[in-house]
Structures are given as C-alpha cells and as structure tokens.
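One file, coords_16.pdb, carrying PDB, C-alpha atoms:
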ATOM      1  CA  MET W 838       0.000   0.000   0.000  1.00  0.00           C
ATOM      2  CA  SER W 839       0.955   3.629  -0.099  1.00  0.00           C
ATOM      3  CA  ASP W 840       2.259   5.645   2.843  1.00  0.00           C
ATOM      4  CA  GLN W 841       0.107   8.689   1.962  1.00  0.00           C
ATOM      5  CA  ALA W 842      -3.324   8.872   3.615  1.00  0.00           C
ATOM      6  CA  GLY W 843      -6.183   8.431   1.152  1.00  0.00           C
ATOM      7  CA  LYS W 844      -4.028   6.738  -1.501  1.00  0.00           C
ATOM      8  CA  LYS W 845      -3.559   3.162  -2.662  1.00  0.00           C
ATOM      9  CA  LEU W 846      -1.665   1.389  -5.430  1.00  0.00           C
ATOM     10  CA  CYS W 847      -3.360   0.350  -8.650  1.00  0.00           C
ATOM     11  CA  PRO W 848      -3.130  -3.468  -8.875  1.00  0.00           C
ATOM     12  CA  HIS W 849      -2.432  -3.177 -12.631  1.00  0.00           C
ATOM     13  CA  CYS W 850       0.155  -0.404 -13.121  1.00  0.00           C
ATOM     14  CA  LYS W 851       1.238   0.063  -9.455  1.00  0.00           C
ATOM     15  CA  GLN W 852       0.698   3.854  -9.630  1.00  0.00           C
ATOM     16  CA  GLU W 853      -0.825   5.739  -6.694  1.00  0.00           C
ATOM     17  CA  VAL W 854      -4.536   6.441  -6.988  1.00  0.00           C
ATOM     18  CA  ASP W 855      -7.202   7.864  -4.689  1.00  0.00           C
ATOM     19  CA  ILE W 856      -8.460   5.321  -2.132  1.00  0.00           C
ATOM     20  CA  LYS W 857     -12.055   5.633  -3.438  1.00  0.00           C
ATOM     21  CA  ALA W 858     -11.140   5.269  -7.124  1.00  0.00           C
ATOM     22  CA  SER W 859     -12.840   2.464  -9.027  1.00  0.00           C
ATOM     23  CA  ARG W 860     -10.755   3.065 -12.185  1.00  0.00           C
ATOM     24  CA  CYS W 861      -7.093   3.927 -12.433  1.00  0.00           C
ATOM     25  CA  PRO W 862      -6.544   7.358 -14.066  1.00  0.00           C
ATOM     26  CA  HIS W 863      -3.204   6.109 -15.431  1.00  0.00           C
ATOM     27  CA  CYS W 864      -4.031   2.756 -17.047  1.00  0.00           C
ATOM     28  CA  GLN W 865      -7.882   2.796 -16.891  1.00  0.00           C
ATOM     29  CA  GLY W 866      -7.787  -0.556 -15.071  1.00  0.00           C
ATOM     30  CA  LYS W 867     -10.791  -1.512 -12.926  1.00  0.00           C
ATOM     31  CA  ILE W 868     -10.104  -1.312  -9.204  1.00  0.00           C
ATOM     32  CA  TYR W 869     -12.445  -3.244  -6.958  1.00  0.00           C
ATOM     33  CA  VAL W 870     -13.699  -1.164  -4.023  1.00  0.00           C
ATOM     34  CA  TRP W 871     -14.844  -3.034  -0.912  1.00  0.00           C
ATOM     35  CA  THR W 872     -17.685  -0.999   0.585  1.00  0.00           C
ATOM     36  CA  TRP W 873     -19.263  -1.924   3.895  1.00  0.00           C
ATOM     37  CA  SER W 874     -22.345  -3.251   2.132  1.00  0.00           C
ATOM     38  CA  LYS W 875     -20.216  -5.514  -0.081  1.00  0.00           C
ATOM     39  CA  LYS W 876     -18.297  -6.762   2.965  1.00  0.00           C
ATOM     40  CA  LEU W 877     -21.564  -7.432   4.779  1.00  0.00           C
ATOM     41  CA  ILE W 878     -23.020  -9.348   1.825  1.00  0.00           C
ATOM     42  CA  ALA W 879     -19.819 -11.380   1.399  1.00  0.00           C
ATOM     43  CA  GLY W 880     -19.831 -12.233   5.115  1.00  0.00           C
ATOM     44  CA  PHE W 881     -23.478 -13.280   4.946  1.00  0.00           C
ATOM     45  CA  ILE W 882     -22.799 -15.544   1.948  1.00  0.00           C
ATOM     46  CA  VAL W 883     -19.862 -17.180   3.756  1.00  0.00           C
ATOM     47  CA  PHE W 884     -22.040 -17.652   6.850  1.00  0.00           C
ATOM     48  CA  ILE W 885     -24.829 -19.323   4.824  1.00  0.00           C
ATOM     49  CA  PHE W 886     -22.313 -21.515   2.983  1.00  0.00           C
ATOM     50  CA  LEU W 887     -20.701 -22.690   6.226  1.00  0.00           C
ATOM     51  CA  SER W 888     -24.115 -23.232   7.835  1.00  0.00           C
ATOM     52  CA  VAL W 889     -25.188 -25.463   4.957  1.00  0.00           C
ATOM     53  CA  ILE W 890     -21.959 -27.460   5.072  1.00  0.00           C
ATOM     54  CA  PHE W 891     -22.084 -28.028   8.816  1.00  0.00           C
ATOM     55  CA  SER W 892     -25.809 -28.741   8.971  1.00  0.00           C
ATOM     56  CA  SER W 893     -25.669 -31.294   6.153  1.00  0.00           C
ATOM     57  CA  GLY W 894     -22.762 -33.077   7.807  1.00  0.00           C
ATOM     58  CA  SER W 895     -24.577 -33.416  11.135  1.00  0.00           C
ATOM     59  CA  SER W 896     -27.843 -34.725   9.694  1.00  0.00           C
ATOM     60  CA  ARG W 897     -26.457 -37.971   8.324  1.00  0.00           C
ATOM     61  CA  SER W 898     -28.208 -41.065   9.525  1.00  0.00           C
ATOM     62  CA  SER W 899     -27.400 -44.733   9.406  1.00  0.00           C
ATOM     63  CA  THR W 900     -30.483 -45.583   7.351  1.00  0.00           C
ATOM     64  CA  PRO W 901     -29.639 -46.862   3.903  1.00  0.00           C
ATOM     65  CA  VAL W 902     -30.428 -44.591   0.993  1.00  0.00           C
ATOM     66  CA  THR W 903     -32.869 -46.019  -1.503  1.00  0.00           C
ATOM     67  CA  THR W 904     -32.117 -45.366  -5.123  1.00  0.00           C
ATOM     68  CA  GLN W 905     -34.898 -44.413  -7.488  1.00  0.00           C
ATOM     69  CA  GLN W 906     -35.393 -46.002 -10.847  1.00  0.00           C
ATOM     70  CA  GLY W 907     -35.155 -43.863 -13.953  1.00  0.00           C
ATOM     71  CA  PRO W 908     -33.722 -40.387 -14.404  1.00  0.00           C
ATOM     72  CA  SER W 909     -32.869 -38.140 -11.457  1.00  0.00           C
ATOM     73  CA  ASN W 910     -34.972 -35.104 -10.586  1.00  0.00           C
ATOM     74  CA  VAL W 911     -32.265 -32.839 -12.023  1.00  0.00           C
ATOM     75  CA  GLU W 912     -32.342 -34.735 -15.327  1.00  0.00           C
ATOM     76  CA  VAL W 913     -36.146 -34.472 -15.424  1.00  0.00           C
ATOM     77  CA  CYS W 914     -35.935 -30.748 -14.599  1.00  0.00           C
ATOM     78  CA  VAL W 915     -33.372 -30.015 -17.332  1.00  0.00           C
ATOM     79  CA  GLU W 916     -35.265 -32.081 -19.917  1.00  0.00           C
ATOM     80  CA  SER W 917     -38.511 -30.252 -19.085  1.00  0.00           C
ATOM     81  CA  GLU W 918     -36.868 -26.831 -19.422  1.00  0.00           C
ATOM     82  CA  HIS W 919     -35.338 -27.922 -22.740  1.00  0.00           C
ATOM     83  CA  ILE W 920     -38.773 -28.983 -24.006  1.00  0.00           C
ATOM     84  CA  LEU W 921     -40.383 -25.753 -22.809  1.00  0.00           C
ATOM     85  CA  GLU W 922     -37.840 -23.548 -24.594  1.00  0.00           C
ATOM     86  CA  GLY W 923     -39.258 -24.694 -27.932  1.00  0.00           C
ATOM     87  CA  PHE W 924     -42.504 -22.897 -27.001  1.00  0.00           C
ATOM     88  CA  LEU W 925     -41.048 -19.586 -25.741  1.00  0.00           C
ATOM     89  CA  LYS W 926     -40.802 -16.403 -27.839  1.00  0.00           C
ATOM     90  CA  SER W 927     -37.269 -15.685 -26.592  1.00  0.00           C
ATOM     91  CA  PRO W 928     -35.785 -18.857 -25.053  1.00  0.00           C
ATOM     92  CA  SER W 929     -32.339 -17.301 -24.592  1.00  0.00           C
ATOM     93  CA  THR W 930     -33.812 -14.928 -21.980  1.00  0.00           C
ATOM     94  CA  ALA W 931     -35.498 -17.707 -19.963  1.00  0.00           C
ATOM     95  CA  LYS W 932     -34.765 -17.706 -16.228  1.00  0.00           C
ATOM     96  CA  TYR W 933     -36.007 -20.749 -14.311  1.00  0.00           C
ATOM     97  CA  PRO W 934     -36.112 -21.392 -10.568  1.00  0.00           C
ATOM     98  CA  THR W 935     -33.727 -23.994  -9.206  1.00  0.00           C
ATOM     99  CA  CYS W 936     -34.556 -27.618  -9.894  1.00  0.00           C
ATOM    100  CA  ASN W 937     -35.297 -28.079  -6.173  1.00  0.00           C
ATOM    101  CA  SER W 938     -38.158 -25.563  -6.499  1.00  0.00           C
ATOM    102  CA  ILE W 939     -40.090 -27.244  -9.296  1.00  0.00           C
ATOM    103  CA  THR W 940     -42.817 -29.876  -8.858  1.00  0.00           C
ATOM    104  CA  ILE W 941     -42.089 -33.268 -10.389  1.00  0.00           C
ATOM    105  CA  GLU W 942     -44.720 -36.001 -10.447  1.00  0.00           C
ATOM    106  CA  ARG W 943     -43.350 -39.424 -11.304  1.00  0.00           C
ATOM    107  CA  LEU W 944     -46.168 -41.304 -12.984  1.00  0.00           C
ATOM    108  CA  ALA W 945     -46.295 -44.904 -14.194  1.00  0.00           C
ATOM    109  CA  ASN W 946     -44.226 -46.148 -17.150  1.00  0.00           C
ATOM    110  CA  ASP W 947     -41.435 -43.532 -16.948  1.00  0.00           C
ATOM    111  CA  GLN W 948     -43.936 -40.700 -17.383  1.00  0.00           C
ATOM    112  CA  PHE W 949     -43.404 -37.309 -15.745  1.00  0.00           C
ATOM    113  CA  ASN W 950     -45.580 -34.286 -15.111  1.00  0.00           C
ATOM    114  CA  VAL W 951     -43.445 -31.239 -14.278  1.00  0.00           C
ATOM    115  CA  ARG W 952     -44.797 -27.844 -13.127  1.00  0.00           C
ATOM    116  CA  SER W 953     -43.081 -24.547 -12.415  1.00  0.00           C
ATOM    117  CA  TYR W 954     -42.677 -21.016 -13.763  1.00  0.00           C
ATOM    118  CA  VAL W 955     -40.299 -19.211 -16.108  1.00  0.00           C
ATOM    119  CA  ASP W 956     -39.375 -15.542 -16.470  1.00  0.00           C
ATOM    120  CA  SER W 957     -38.683 -14.688 -20.114  1.00  0.00           C
ATOM    121  CA  GLN W 958     -39.207 -11.960 -22.679  1.00  0.00           C
ATOM    122  CA  ASN W 959     -42.484 -11.882 -24.540  1.00  0.00           C
ATOM    123  CA  GLY W 960     -42.873 -10.835 -28.196  1.00  0.00           C
ATOM    124  CA  PHE W 961     -42.553  -7.153 -27.190  1.00  0.00           C
ATOM    125  CA  GLY W 962     -39.337  -7.627 -25.199  1.00  0.00           C
ATOM    126  CA  ALA W 963     -40.920  -7.290 -21.751  1.00  0.00           C
ATOM    127  CA  MET W 964     -39.966  -9.815 -19.074  1.00  0.00           C
ATOM    128  CA  VAL W 965     -43.025 -11.798 -17.974  1.00  0.00           C
ATOM    129  CA  ARG W 966     -43.558 -14.710 -15.600  1.00  0.00           C
ATOM    130  CA  SER W 967     -45.440 -17.681 -17.006  1.00  0.00           C
ATOM    131  CA  ASN W 968     -46.640 -20.771 -15.163  1.00  0.00           C
ATOM    132  CA  TRP W 969     -46.089 -23.951 -17.145  1.00  0.00           C
ATOM    133  CA  SER W 970     -46.462 -27.698 -17.051  1.00  0.00           C
ATOM    134  CA  VAL W 971     -44.839 -30.306 -19.261  1.00  0.00           C
ATOM    135  CA  LYS W 972     -45.885 -33.944 -19.413  1.00  0.00           C
ATOM    136  CA  TYR W 973     -43.673 -36.463 -21.204  1.00  0.00           C
ATOM    137  CA  HIS W 974     -42.466 -40.027 -21.035  1.00  0.00           C
ATOM    138  CA  TYR W 975     -39.372 -41.976 -21.977  1.00  0.00           C
ATOM    139  CA  THR W 976     -39.347 -44.463 -24.850  1.00  0.00           C
ATOM    140  CA  ASP W 977     -36.774 -46.860 -26.327  1.00  0.00           C
ATOM    141  CA  SER W 978     -35.637 -48.122 -22.913  1.00  0.00           C
ATOM    142  CA  GLY W 979     -35.204 -44.590 -21.561  1.00  0.00           C
ATOM    143  CA  THR W 980     -33.109 -43.223 -24.426  1.00  0.00           C
ATOM    144  CA  ARG W 981     -35.704 -40.881 -26.016  1.00  0.00           C
ATOM    145  CA  THR W 982     -38.458 -38.632 -24.745  1.00  0.00           C
ATOM    146  CA  GLN W 983     -41.981 -38.477 -26.132  1.00  0.00           C
ATOM    147  CA  LEU W 984     -43.837 -35.240 -25.439  1.00  0.00           C
ATOM    148  CA  ASP W 985     -47.419 -35.655 -24.197  1.00  0.00           C
ATOM    149  CA  SER W 986     -48.525 -32.104 -23.393  1.00  0.00           C
ATOM    150  CA  VAL W 987     -47.315 -28.548 -22.756  1.00  0.00           C
ATOM    151  CA  VAL W 988     -49.457 -25.961 -20.950  1.00  0.00           C
ATOM    152  CA  ILE W 989     -48.298 -22.346 -20.525  1.00  0.00           C
ATOM    153  CA  ASP W 990     -50.415 -19.958 -18.432  1.00  0.00           C
ATOM    154  CA  GLY W 991     -53.395 -22.304 -18.697  1.00  0.00           C
ATOM    155  CA  LYS W 992     -53.239 -22.466 -22.491  1.00  0.00           C
ATOM    156  CA  GLU W 993     -52.598 -25.870 -24.008  1.00  0.00           C
ATOM    157  CA  MET W 994     -49.678 -25.436 -26.424  1.00  0.00           C
ATOM    158  CA  TYR W 995     -49.210 -29.111 -27.333  1.00  0.00           C
ATOM    159  CA  LYS W 996     -51.357 -32.211 -26.950  1.00  0.00           C
TER
END

Produce structure tokens that represent the structure in this file.
Amino acid sequence: MSDQAGKKLCPHCKQEVDIKASRCPHCQGKIYVWTWSKKLIAGFIVFIFLSVIFSSGSSRSSTPVTTQQGPSNVEVCVESEHILEGFLKSPSTAKYPTCNSITIERLANDQFNVRSYVDSQNGFGAMVRSNWSVKYHYTDSGTRTQLDSVVIDGKEMYK
C-alpha cells in the first residue's frame, strides 16, 4: 500500500490512486472497491455456505439410501426446461427457478408431469412470468423422450 493517507496502489500499473477510485486514471484498469455493504453481503454468503456445510454433515443417519429407478430429478428438470424452450418467444432470456423448487410427479411407465414457472421476454421484449407444465415419457428403454402435453399460463400449447 501507499504511505500517503487516502491513496492506494493500482493493482495493474502500481501507480498511486485515490483510495475511493474504481478506475485507475493512469491505465484505466478496474479497481475493486470493498464498501461496507459488499463486505456485509460477502460475510453473509460465507455464513450461509458454512451453515449449509455443517448442517448437512450433522444430519447424516445410518439408514440406507434407496435409489430411485429412472432419471434423477435434475435430469427431469433439465429435460422439461429444454422442451419448454421450444414454445417460448425468446428462449435465450429464460430464467427458471432452481430444480429443487419445481414440482415433479413421477407417474407410471417412466412418465413425468413437471410444473413450475419461467421468467422470459415476450414478443414485445418485456420480461413476464409464465406458469407452465410439461408432461412427457421416456421411450426406447429410456433413451428418447416423447412429449405428451405442454401448458403455458393455462393455455394448451401441445397435446
């Protein structure tokens, strides 16, 4: 650091800059500024991360874990989102909740009914939230999917 009060060294060109500078006036390099709010948020994230790690380690039991047949919930979630994107106006803007937040119904014969929501741009470029459900099943010994129905905001898009 610098010995002058209110100054620091640019991490790129090593020239002295003002302590509050977010760009170096010499090399135009970006200088990250740690504000109190950023420090507080970073501390909170670390706290949550450590809480999750320590709580998951203490909740282990000696009961055997049963394995489910067929694809995992994450695979079903990703496949459903992939199917849904074919029905969206702007699929590249689609933002889905985490796979843990969606509803997956495992039906008979490798059939799935998946429900959730998606935030994406409509035909006018506005971000809108749409509720959706996708029903599909696996064929050819689980190697292909066969779409059964797609419903977006109560409107049947595919049957």

For atom CA of W:Ser953 and atom CA of W:Thr980, determine how far apart the two atoms are, in Å to one decimal place.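 Atom CA of W:Thr980 lies 24.3 Å from atom CA of W:Ser953.
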
Mind checking which residues fall within 12 Å of stretch 957-960 of chain W, counting all atoms listed in the file, ignoring those fewer than 6 positions away in the same chain, and posting them as a PyMOL selection string? chain W and resi 921-922+924-934+966-968

Since I can't run it myself right now, could you work out what the PyMOL selection byres ((chain W and resi 940) around 6) selects here and report it as a list in words? Ile939, Ile941, Val951 and Arg952 of chain W

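Distance annotation: of W:Met964, W:Leu846, W:Leu944, W:Ile920, the residue with the minimal separation from W:Ile868 is W:Leu846; atom set is only C-alpha atoms.
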
Please report, as AutoDock Vina command-line options, the centre and edge lengths in Å to one decimal of an axis-aligned box covering all listed atoms of stretch 981-992 of chain W with 3 Å per side.
--center_x -44.5 --center_y -30.4 --center_z -22.3 --size_x 23.7 --size_y 26.9 --size_z 13.7

Can you tell me which residues surround W:Lys845 at a distance of at most 10 Å, considering all atoms listed in the file, apart from same-chain residues fewer than 6 positions away, and format the answer as a ChimeraX atom specification? /W:838-839,851-858

Within 12 Å of W:Glu916, counting all atoms listed in the file, which residues show up once you throw out same-chain ones fewer than 2 positions away? Write them as a PyMOL selection string, please. chain W and resi 908-914+918-923+936+941+949-951+971-975+981-984

Output file for the selection above: C-alpha atoms, as a PDB file, in the coordinates of the input:
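Listing of out_8.pdb after writing:
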ATOM      1  CA  PRO W 908     -33.722 -40.387 -14.404  1.00  0.00           C
ATOM      2  CA  SER W 909     -32.869 -38.140 -11.457  1.00  0.00           C
ATOM      3  CA  ASN W 910     -34.972 -35.104 -10.586  1.00  0.00           C
ATOM      4  CA  VAL W 911     -32.265 -32.839 -12.023  1.00  0.00           C
ATOM      5  CA  GLU W 912     -32.342 -34.735 -15.327  1.00  0.00           C
ATOM      6  CA  VAL W 913     -36.146 -34.472 -15.424  1.00  0.00           C
ATOM      7  CA  CYS W 914     -35.935 -30.748 -14.599  1.00  0.00           C
ATOM      8  CA  GLU W 918     -36.868 -26.831 -19.422  1.00  0.00           C
ATOM      9  CA  HIS W 919     -35.338 -27.922 -22.740  1.00  0.00           C
ATOM     10  CA  ILE W 920     -38.773 -28.983 -24.006  1.00  0.00           C
ATOM     11  CA  LEU W 921     -40.383 -25.753 -22.809  1.00  0.00           C
ATOM     12  CA  GLU W 922     -37.840 -23.548 -24.594  1.00  0.00           C
ATOM     13  CA  GLY W 923     -39.258 -24.694 -27.932  1.00  0.00           C
ATOM     14  CA  CYS W 936     -34.556 -27.618  -9.894  1.00  0.00           C
ATOM     15  CA  ILE W 941     -42.089 -33.268 -10.389  1.00  0.00           C
ATOM     16  CA  PHE W 949     -43.404 -37.309 -15.745  1.00  0.00           C
ATOM     17  CA  ASN W 950     -45.580 -34.286 -15.111  1.00  0.00           C
ATOM     18  CA  VAL W 951     -43.445 -31.239 -14.278  1.00  0.00           C
ATOM     19  CA  VAL W 971     -44.839 -30.306 -19.261  1.00  0.00           C
ATOM     20  CA  LYS W 972     -45.885 -33.944 -19.413  1.00  0.00           C
ATOM     21  CA  TYR W 973     -43.673 -36.463 -21.204  1.00  0.00           C
ATOM     22  CA  HIS W 974     -42.466 -40.027 -21.035  1.00  0.00           C
ATOM     23  CA  TYR W 975     -39.372 -41.976 -21.977  1.00  0.00           C
ATOM     24  CA  ARG W 981     -35.704 -40.881 -26.016  1.00  0.00           C
ATOM     25  CA  THR W 982     -38.458 -38.632 -24.745  1.00  0.00           C
ATOM     26  CA  GLN W 983     -41.981 -38.477 -26.132  1.00  0.00           C
ATOM     27  CA  LEU W 984     -43.837 -35.240 -25.439  1.00  0.00           C
TER      28      LEU W 984
END

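Closest approach to W:Ile989 from the set W:Ser917, W:Thr935, W:Gln906, W:Ser970 is made by W:Ser970, with distances taken over all atoms listed in the file.
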
Could you work out how far atom CA of W:Pro862 lies from atom CA of W:Cys850, giving the answer in Å with one decimal? 10.3 Å

One decimal, in Å: what's the spacing between atom CA of W:Trp871 and atom CA of W:Phe884?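 Calculated distance between atom CA of W:Trp871 and atom CA of W:Phe884 is 18.0 Å.
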